[in-house]
Structure formats: C-alpha cells, structure tokens
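Student: For reference, the file coords06.pdb (PDB, C-alpha atoms) is included below:
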```pdb
ATOM      1  CA  MET C  12      12.053  14.632  -0.969  1.00  0.00           C
ATOM      2  CA  SER C  13      11.437  18.067  -2.367  1.00  0.00           C
ATOM      3  CA  GLY C  14      10.712  19.806   0.939  1.00  0.00           C
ATOM      4  CA  ILE C  15      12.436  20.729   4.121  1.00  0.00           C
ATOM      5  CA  TYR C  16      10.443  18.144   6.117  1.00  0.00           C
ATOM      6  CA  VAL C  17      11.611  14.528   5.953  1.00  0.00           C
ATOM      7  CA  PRO C  18       9.204  12.085   7.639  1.00  0.00           C
ATOM      8  CA  LEU C  19      10.902   9.552   9.886  1.00  0.00           C
ATOM      9  CA  LYS C  20       7.928   7.699  11.407  1.00  0.00           C
ATOM     10  CA  CYS C  21       4.218   7.718  10.809  1.00  0.00           C
ATOM     11  CA  GLY C  22       1.650   6.447  13.292  1.00  0.00           C
ATOM     12  CA  ILE C  23      -1.695   6.920  14.980  1.00  0.00           C
ATOM     13  CA  LYS C  24      -3.011   7.872  18.377  1.00  0.00           C
ATOM     14  CA  PHE C  25      -6.185   6.084  19.498  1.00  0.00           C
ATOM     15  CA  SER C  26      -7.488   8.478  22.119  1.00  0.00           C
ATOM     16  CA  PRO C  27      -8.261  11.091  20.951  1.00  0.00           C
ATOM     17  CA  PRO C  28      -7.977   9.855  17.334  1.00  0.00           C
ATOM     18  CA  ALA C  29      -5.048  11.474  15.550  1.00  0.00           C
ATOM     19  CA  VAL C  30      -2.359  10.847  12.950  1.00  0.00           C
ATOM     20  CA  VAL C  31       1.149  11.452  14.302  1.00  0.00           C
ATOM     21  CA  ILE C  32       4.211  12.152  12.157  1.00  0.00           C
ATOM     22  CA  LEU C  33       7.776  12.285  13.455  1.00  0.00           C
ATOM     23  CA  TYR C  34       9.858  14.258  10.971  1.00  0.00           C
ATOM     24  CA  GLU C  35      13.190  15.990  10.582  1.00  0.00           C
ATOM     25  CA  ASP C  36      13.319  19.693   9.829  1.00  0.00           C
ATOM     26  CA  THR C  37      16.323  19.793   7.494  1.00  0.00           C
ATOM     27  CA  VAL C  38      16.782  23.564   7.837  1.00  0.00           C
ATOM     28  CA  LYS C  39      16.877  23.648  11.647  1.00  0.00           C
ATOM     29  CA  LYS C  40      18.387  20.127  11.893  1.00  0.00           C
ATOM     30  CA  LYS C  41      15.816  19.082  14.509  1.00  0.00           C
ATOM     31  CA  HIS C  42      13.386  16.239  14.957  1.00  0.00           C
ATOM     32  CA  ARG C  43       9.803  17.275  15.492  1.00  0.00           C
ATOM     33  CA  LYS C  44       6.402  15.709  16.130  1.00  0.00           C
ATOM     34  CA  TYR C  45       3.334  16.751  14.143  1.00  0.00           C
ATOM     35  CA  ILE C  46      -0.114  15.708  15.407  1.00  0.00           C
ATOM     36  CA  MET C  47      -3.173  15.898  13.157  1.00  0.00           C
ATOM     37  CA  PRO C  48      -6.354  15.425  15.211  1.00  0.00           C
ATOM     38  CA  LEU C  49      -9.233  13.603  13.519  1.00  0.00           C
ATOM     39  CA  ARG C  50     -12.305  15.399  14.744  1.00  0.00           C
ATOM     40  CA  ASN C  51     -15.655  13.733  14.037  1.00  0.00           C
ATOM     41  CA  PHE C  52     -13.916  10.566  12.832  1.00  0.00           C
ATOM     42  CA  ARG C  53     -16.373   7.659  12.948  1.00  0.00           C
ATOM     43  CA  ALA C  54     -16.361   3.940  12.266  1.00  0.00           C
ATOM     44  CA  SER C  55     -18.443   4.678   9.157  1.00  0.00           C
ATOM     45  CA  SER C  56     -16.266   7.522   7.834  1.00  0.00           C
ATOM     46  CA  ASN C  57     -14.936   7.360   4.265  1.00  0.00           C
ATOM     47  CA  VAL C  58     -11.255   6.580   4.802  1.00  0.00           C
ATOM     48  CA  ASN C  59     -10.175   7.565   1.285  1.00  0.00           C
ATOM     49  CA  PHE C  60     -11.869  10.978   1.525  1.00  0.00           C
ATOM     50  CA  ILE C  61     -10.359  11.723   4.941  1.00  0.00           C
ATOM     51  CA  ALA C  62      -6.886  10.583   3.840  1.00  0.00           C
ATOM     52  CA  GLU C  63      -7.009  12.821   0.747  1.00  0.00           C
ATOM     53  CA  ASP C  64      -8.230  15.723   2.888  1.00  0.00           C
ATOM     54  CA  LEU C  65      -5.399  15.209   5.397  1.00  0.00           C
ATOM     55  CA  LYS C  66      -2.803  15.093   2.615  1.00  0.00           C
ATOM     56  CA  ALA C  67      -4.199  18.303   1.123  1.00  0.00           C
ATOM     57  CA  ARG C  68      -4.341  20.202   4.418  1.00  0.00           C
ATOM     58  CA  HIS C  69      -1.003  18.956   5.786  1.00  0.00           C
ATOM     59  CA  ASN C  70       0.919  18.648   2.536  1.00  0.00           C
ATOM     60  CA  LYS C  71       4.193  19.989   3.941  1.00  0.00           C
ATOM     61  CA  VAL C  72       4.524  16.986   6.261  1.00  0.00           C
ATOM     62  CA  LEU C  73       2.545  14.313   4.375  1.00  0.00           C
ATOM     63  CA  GLU C  74       3.975  15.081   0.928  1.00  0.00           C
ATOM     64  CA  SER C  75       6.227  12.014   0.686  1.00  0.00           C
ATOM     65  CA  ILE C  76       3.967   9.633   2.629  1.00  0.00           C
ATOM     66  CA  PRO C  77       1.824   7.501   0.276  1.00  0.00           C
ATOM     67  CA  LEU C  78      -1.938   7.995   0.450  1.00  0.00           C
ATOM     68  CA  LEU C  79      -2.282   4.250   0.976  1.00  0.00           C
ATOM     69  CA  THR C  80      -0.256   4.440   4.197  1.00  0.00           C
ATOM     70  CA  VAL C  81      -2.528   7.151   5.576  1.00  0.00           C
ATOM     71  CA  GLU C  82      -5.603   5.107   4.579  1.00  0.00           C
ATOM     72  CA  LYS C  83      -4.193   2.036   6.332  1.00  0.00           C
ATOM     73  CA  MET C  84      -3.690   3.946   9.566  1.00  0.00           C
ATOM     74  CA  LEU C  85      -7.203   5.391   9.378  1.00  0.00           C
ATOM     75  CA  ARG C  86      -8.657   1.895   8.848  1.00  0.00           C
ATOM     76  CA  LEU C  87      -6.821   0.734  11.968  1.00  0.00           C
ATOM     77  CA  LEU C  88      -8.401   3.621  13.880  1.00  0.00           C
ATOM     78  CA  GLN C  89     -11.824   2.627  12.562  1.00  0.00           C
ATOM     79  CA  GLU C  90     -11.411  -0.935  13.758  1.00  0.00           C
ATOM     80  CA  ASN C  91     -10.357   0.374  17.172  1.00  0.00           C
ATOM     81  CA  ILE C  92     -13.459   2.592  17.336  1.00  0.00           C
ATOM     82  CA  LYS C  93     -15.577  -0.483  16.544  1.00  0.00           C
ATOM     83  CA  GLY C  94     -14.045  -2.181  19.592  1.00  0.00           C
ATOM     84  CA  VAL C  95     -11.876  -4.735  17.789  1.00  0.00           C
ATOM     85  CA  GLU C  96      -8.754  -5.810  19.698  1.00  0.00           C
ATOM     86  CA  LEU C  97      -5.482  -4.414  18.366  1.00  0.00           C
ATOM     87  CA  ASP C  98      -4.039  -7.763  17.191  1.00  0.00           C
ATOM     88  CA  LYS C  99      -7.221  -8.690  15.328  1.00  0.00           C
ATOM     89  CA  ALA C 100      -7.503  -5.194  13.882  1.00  0.00           C
ATOM     90  CA  LEU C 101      -3.901  -5.347  12.629  1.00  0.00           C
ATOM     91  CA  ASP C 102      -4.532  -8.720  10.978  1.00  0.00           C
ATOM     92  CA  LEU C 103      -7.736  -7.487   9.371  1.00  0.00           C
ATOM     93  CA  VAL C 104      -6.222  -4.262   8.047  1.00  0.00           C
ATOM     94  CA  ASN C 105      -3.043  -5.982   6.822  1.00  0.00           C
ATOM     95  CA  LYS C 106      -5.182  -8.502   4.944  1.00  0.00           C
ATOM     96  CA  GLU C 107      -7.262  -5.685   3.457  1.00  0.00           C
ATOM     97  CA  PHE C 108      -4.138  -3.805   2.319  1.00  0.00           C
ATOM     98  CA  SER C 109      -2.363  -6.723   0.687  1.00  0.00           C
ATOM     99  CA  VAL C 110      -2.777  -8.691  -2.518  1.00  0.00           C
ATOM    100  CA  CYS C 111      -2.986 -12.477  -2.256  1.00  0.00           C
ATOM    101  CA  ASP C 112      -1.756 -14.725  -5.069  1.00  0.00           C
ATOM    102  CA  ASP C 113      -4.990 -16.696  -5.173  1.00  0.00           C
ATOM    103  CA  GLU C 114      -7.294 -13.657  -5.011  1.00  0.00           C
ATOM    104  CA  ASP C 115      -9.539 -13.228  -8.081  1.00  0.00           C
ATOM    105  CA  LEU C 116      -9.372  -9.518  -8.893  1.00  0.00           C
ATOM    106  CA  ASN C 117     -12.024  -9.905 -11.611  1.00  0.00           C
ATOM    107  CA  LYS C 118     -14.700 -10.266  -8.941  1.00  0.00           C
ATOM    108  CA  LEU C 119     -13.925  -6.978  -7.163  1.00  0.00           C
ATOM    109  CA  ASN C 120     -15.519  -3.568  -7.591  1.00  0.00           C
ATOM    110  CA  ALA C 121     -13.689  -0.638  -9.218  1.00  0.00           C
ATOM    111  CA  GLU C 122     -12.686   1.038  -5.938  1.00  0.00           C
ATOM    112  CA  THR C 123     -11.185  -2.162  -4.514  1.00  0.00           C
ATOM    113  CA  ILE C 124      -9.306  -2.810  -7.758  1.00  0.00           C
ATOM    114  CA  ARG C 125      -7.885   0.740  -7.637  1.00  0.00           C
ATOM    115  CA  ARG C 126      -6.667   0.134  -4.106  1.00  0.00           C
ATOM    116  CA  LYS C 127      -5.148  -3.261  -5.022  1.00  0.00           C
ATOM    117  CA  LYS C 128      -3.320  -1.654  -7.965  1.00  0.00           C
ATOM    118  CA  GLU C 129      -1.922   1.035  -5.654  1.00  0.00           C
ATOM    119  CA  ILE C 130      -0.763  -1.695  -3.271  1.00  0.00           C
ATOM    120  CA  MET C 131       0.959  -3.538  -6.130  1.00  0.00           C
ATOM    121  CA  ASP C 132       2.624  -0.311  -7.323  1.00  0.00           C
ATOM    122  CA  MET C 133       3.828   0.510  -3.816  1.00  0.00           C
ATOM    123  CA  THR C 134       5.202  -3.022  -3.351  1.00  0.00           C
ATOM    124  CA  PHE C 135       6.926  -2.875  -6.739  1.00  0.00           C
ATOM    125  CA  ASN C 136       8.571   0.465  -5.988  1.00  0.00           C
ATOM    126  CA  LYS C 137       9.687  -0.738  -2.568  1.00  0.00           C
ATOM    127  CA  ASN C 138      11.325  -3.869  -4.037  1.00  0.00           C
ATOM    128  CA  ARG C 139      12.683  -2.282  -7.227  1.00  0.00           C
ATOM    129  CA  VAL C 140      16.447  -2.313  -7.691  1.00  0.00           C
ATOM    130  CA  LYS C 141      17.627   0.775  -9.569  1.00  0.00           C
ATOM    131  CA  PRO C 142      20.879   1.030 -11.559  1.00  0.00           C
ATOM    132  CA  THR C 143      22.278   3.308  -8.831  1.00  0.00           C
ATOM    133  CA  ASP C 144      21.648   0.734  -6.066  1.00  0.00           C
ATOM    134  CA  PRO C 145      24.616  -1.333  -4.845  1.00  0.00           C
ATOM    135  CA  ASN C 146      22.674  -4.598  -5.378  1.00  0.00           C
ATOM    136  CA  PHE C 147      21.967  -3.829  -9.041  1.00  0.00           C
ATOM    137  CA  VAL C 148      23.110  -6.534 -11.493  1.00  0.00           C
ATOM    138  CA  TYR C 149      23.018  -5.767 -15.201  1.00  0.00           C
ATOM    139  CA  ASP C 150      21.519  -8.525 -17.388  1.00  0.00           C
ATOM    140  CA  LYS C 151      20.667 -10.821 -14.491  1.00  0.00           C
ATOM    141  CA  ARG C 152      19.467 -14.241 -15.601  1.00  0.00           C
ATOM    142  CA  VAL C 153      17.415 -16.631 -13.498  1.00  0.00           C
ATOM    143  CA  ASP C 154      16.504 -20.223 -14.350  1.00  0.00           C
ATOM    144  CA  PHE C 155      12.874 -20.801 -13.386  1.00  0.00           C
ATOM    145  CA  SER C 156      12.721 -24.357 -14.691  1.00  0.00           C
ATOM    146  CA  GLU C 157      13.861 -25.764 -11.350  1.00  0.00           C
ATOM    147  CA  CYS C 158      11.229 -24.009  -9.268  1.00  0.00           C
ATOM    148  CA  GLU C 159       9.659 -26.252  -6.666  1.00  0.00           C
ATOM    149  CA  LYS C 160       6.119 -24.951  -7.070  1.00  0.00           C
ATOM    150  CA  LYS C 161       4.594 -25.409 -10.489  1.00  0.00           C
ATOM    151  CA  ARG C 162       1.004 -24.421 -11.014  1.00  0.00           C
ATOM    152  CA  GLU C 163      -1.217 -25.669 -13.781  1.00  0.00           C
ATOM    153  CA  SER C 164      -3.375 -22.945 -15.226  1.00  0.00           C
ATOM    154  CA  GLY C 165      -5.540 -25.062 -17.505  1.00  0.00           C
ATOM    155  CA  TRP C 166      -5.737 -22.487 -20.278  1.00  0.00           C
ATOM    156  CA  ASP C 167      -2.382 -23.286 -21.878  1.00  0.00           C
ATOM    157  CA  THR C 168      -2.763 -27.026 -22.448  1.00  0.00           C
ATOM    158  CA  GLU C 169      -1.556 -28.600 -25.669  1.00  0.00           C
ATOM    159  CA  ASP C 170      -4.899 -30.197 -26.524  1.00  0.00           C
ATOM    160  CA  VAL C 171      -6.454 -28.146 -29.284  1.00  0.00           C
ATOM    161  CA  ASP C 172      -9.938 -29.381 -30.103  1.00  0.00           C
ATOM    162  CA  ASP C 173     -11.226 -26.004 -31.078  1.00  0.00           C
ATOM    163  CA  ASP C 174     -12.268 -25.562 -34.723  1.00  0.00           C
ATOM    164  CA  PHE C 175     -11.064 -21.966 -34.590  1.00  0.00           C
ATOM    165  CA  TRP C 176      -7.411 -23.022 -34.682  1.00  0.00           C
ATOM    166  CA  ASN C 177      -7.888 -25.763 -37.278  1.00  0.00           C
ATOM    167  CA  VAL C 178      -9.091 -23.453 -40.058  1.00  0.00           C
ATOM    168  CA  SER C 179      -7.265 -24.069 -43.330  1.00  0.00           C
TER
END
```
Step by step, read the file and then write its structure as structure tokens.
Tutor:
Amino acid sequence: MSGIYVPLKCGIKFSPPAVVILYEDTVKKKHRKYIMPLRNFRASSNVNFIAEDLKARHNKVLESIPLLTVEKMLRLLQENIKGVELDKALDLVNKEFSVCDDEDLNKLNAETIRRKKEIMDMTFNKNRVKPTDPNFVYDKRVDFSECEKKRESGWDTEDVDDDFWNVS
C-alpha cells in the first residue's frame, strides 16, 4: 500500500448506519478505528454512487479497499434497512456479488455486466500466483482429459451440414 494507513478489517454498523475500518497507522505503530457515518442512507439509495463518494472523501483509509467491497457492505445495510434477517441478507448479497457458472451474462444490462467483470477481476487477482509467491511453479502442466465433469456445449460438434464450410 502506498500510504501510512494499512486496513486490517472492514465492516459495517447497522444502527446508526456506518462503515467501520480497523487500520494500522504505520508511522505511529498503532491500531485505530475509523467510522464513516452514512447519513440519509436509504433502502433506495444508489450503492455505487455512495461507495464512490465514500472512497473519494475517505481516500486515506479506503485507498486499498476495492470499491466492490464497499458496495457489498452498503448492499447489506440496505437489506437490513428493508427488514431482511441477517442470514437471508448475507445470502442475497453474496449471490448478487458472485458469478455463477451457469449464469448467462448476455442477458444482463451494462451496469450488472460491469459489476460481474469487477467481481471476476477481483477473484482472479485474489487467486493469482505470482512468480514471487512460494507456491509458484514455472511451466506447470495439468491434464484435463481425466476431469470428472465434462460438459457438452453443442456448438463444437463434428457434424458440419452448413454450406458455408463446404465451399470449394
């Protein structure tokens, strides 16, 4: 991180609504708590707008926390304001902020696709093994022919009845 504040934990407070960050001040070598109250936060509020505003106003603490994480916490607050139980709200928000294998992304609007791409990027970066990591293996080879689950896609069948491919 390029600042003197290293976030350790990120969370929310339901009453009154607030985003809470536990961070380490690297200069003073102390752990601190930073509370960002969400005044006028409603169940109908634009989560993306509020998350971007929070990151802009509290950049020193939220600099290394992904915008998607802030949005996820705000969505959880919204569900709580609507009166949804915590377990159900967690399930709903986790489903909203994940990408399913069988989900057809072609049927989604531009904003949802942007969010899904951010989720995929965040997941990729979290799981990426860099050359400096101890688990890094150069030129790793994996045999996928013995995978248990094989899925037929239908588009790559060998039957070619199309006149386009039979042009001489």
Student: Between C:Glu90, C:Asp154, C:Glu82, C:Glu35, which has the minimum distance to C:Arg126 (counting all atoms listed in the file)?
Tutor: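 Smallest separation from C:Arg126 among the options: C:Glu82.
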Student: Using Å and a single decimal, report how far atom CA of C:Gly22 sits from atom CA of C:Lys40.
Tutor: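 Atom CA of C:Gly22 lies at a distance of 21.7 Å from atom CA of C:Lys40.
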Student: Could you list, as a ChimeraX atom specification, every residue within 12 Å of C:Pro27, counting all atoms listed in the file and ignoring same-chain residues fewer than 2 positions away?
Tutor: /C:23-25,29-31,46-53,88,91-92
Student: Using C-alpha atoms, can you export the residues from the last selection as a PDB file, keeping the file's coordinate frame?
Tutor:
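Result file follows (result18.pdb):
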```
ATOM      1  CA  ILE C  23      -1.695   6.920  14.980  1.00  0.00           C
ATOM      2  CA  LYS C  24      -3.011   7.872  18.377  1.00  0.00           C
ATOM      3  CA  PHE C  25      -6.185   6.084  19.498  1.00  0.00           C
ATOM      4  CA  ALA C  29      -5.048  11.474  15.550  1.00  0.00           C
ATOM      5  CA  VAL C  30      -2.359  10.847  12.950  1.00  0.00           C
ATOM      6  CA  VAL C  31       1.149  11.452  14.302  1.00  0.00           C
ATOM      7  CA  ILE C  46      -0.114  15.708  15.407  1.00  0.00           C
ATOM      8  CA  MET C  47      -3.173  15.898  13.157  1.00  0.00           C
ATOM      9  CA  PRO C  48      -6.354  15.425  15.211  1.00  0.00           C
ATOM     10  CA  LEU C  49      -9.233  13.603  13.519  1.00  0.00           C
ATOM     11  CA  ARG C  50     -12.305  15.399  14.744  1.00  0.00           C
ATOM     12  CA  ASN C  51     -15.655  13.733  14.037  1.00  0.00           C
ATOM     13  CA  PHE C  52     -13.916  10.566  12.832  1.00  0.00           C
ATOM     14  CA  ARG C  53     -16.373   7.659  12.948  1.00  0.00           C
ATOM     15  CA  LEU C  88      -8.401   3.621  13.880  1.00  0.00           C
ATOM     16  CA  ASN C  91     -10.357   0.374  17.172  1.00  0.00           C
ATOM     17  CA  ILE C  92     -13.459   2.592  17.336  1.00  0.00           C
TER      18      ILE C  92
END
```
Student: Restricting the calculation to only C-alpha atoms: of C:Val148, C:Leu85, C:Arg68, C:Leu79, which residue gets closest to C:Met131?
Tutor: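 For C:Met131, the nearest of the given residues is C:Leu79.
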Student: Find the residue from C:Arg86, C:Lys128, C:His42, C:Lys71 that sits nearest to C:Pro28; use only C-alpha atoms when measuring.
Tutor: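 Once distances to C:Pro28 are computed over only C-alpha atoms, the minimum belongs to C:Arg86.
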Student: Can you translate the PyMOL selection byres ((chain C and resi 127) around 12) into the concrete residues it hits in this file, as a list in words?
Tutor: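 Selected by the PyMOL selection byres ((chain C and resi 127) around 12) in this file: Leu79, Lys106, Glu107, Phe108, Ser109, Val110, Cys111, Asp112, Glu114, Asp115, Leu116, Asn117, Leu119, Asn120, Ala121, Glu122, Thr123, Ile124, Arg125, Arg126, Lys128, Glu129, Ile130, Met131, Asp132, Met133 and Thr134 of chain C.
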Student: Translate the PyMOL selection byres ((chain C and resi 76) around 10), as applied to the file shown, into an explicit residue set as a JSON list (two decimals) with C-alpha atoms, keeping the file's coordinate frame.
Tutor:
```json
[["chain", "number", "residue", "atom", "x", "y", "z"],
["C", 17, "VAL", "CA", 11.61, 14.53, 5.95],
["C", 18, "PRO", "CA", 9.20, 12.08, 7.64],
["C", 20, "LYS", "CA", 7.93, 7.70, 11.41],
["C", 21, "CYS", "CA", 4.22, 7.72, 10.81],
["C", 32, "ILE", "CA", 4.21, 12.15, 12.16],
["C", 66, "LYS", "CA", -2.80, 15.09, 2.62],
["C", 70, "ASN", "CA", 0.92, 18.65, 2.54],
["C", 72, "VAL", "CA", 4.52, 16.99, 6.26],
["C", 73, "LEU", "CA", 2.54, 14.31, 4.38],
["C", 74, "GLU", "CA", 3.98, 15.08, 0.93],
["C", 75, "SER", "CA", 6.23, 12.01, 0.69],
["C", 77, "PRO", "CA", 1.82, 7.50, 0.28],
["C", 78, "LEU", "CA", -1.94, 8.00, 0.45],
["C", 79, "LEU", "CA", -2.28, 4.25, 0.98],
["C", 80, "THR", "CA", -0.26, 4.44, 4.20],
["C", 81, "VAL", "CA", -2.53, 7.15, 5.58]]
```
Student: Which distance in Å separates atom CA of C:Leu97 and atom CA of C:Asn136, to one decimal?
Tutor: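 Calculated distance between atom CA of C:Leu97 and atom CA of C:Asn136 is 28.5 Å.
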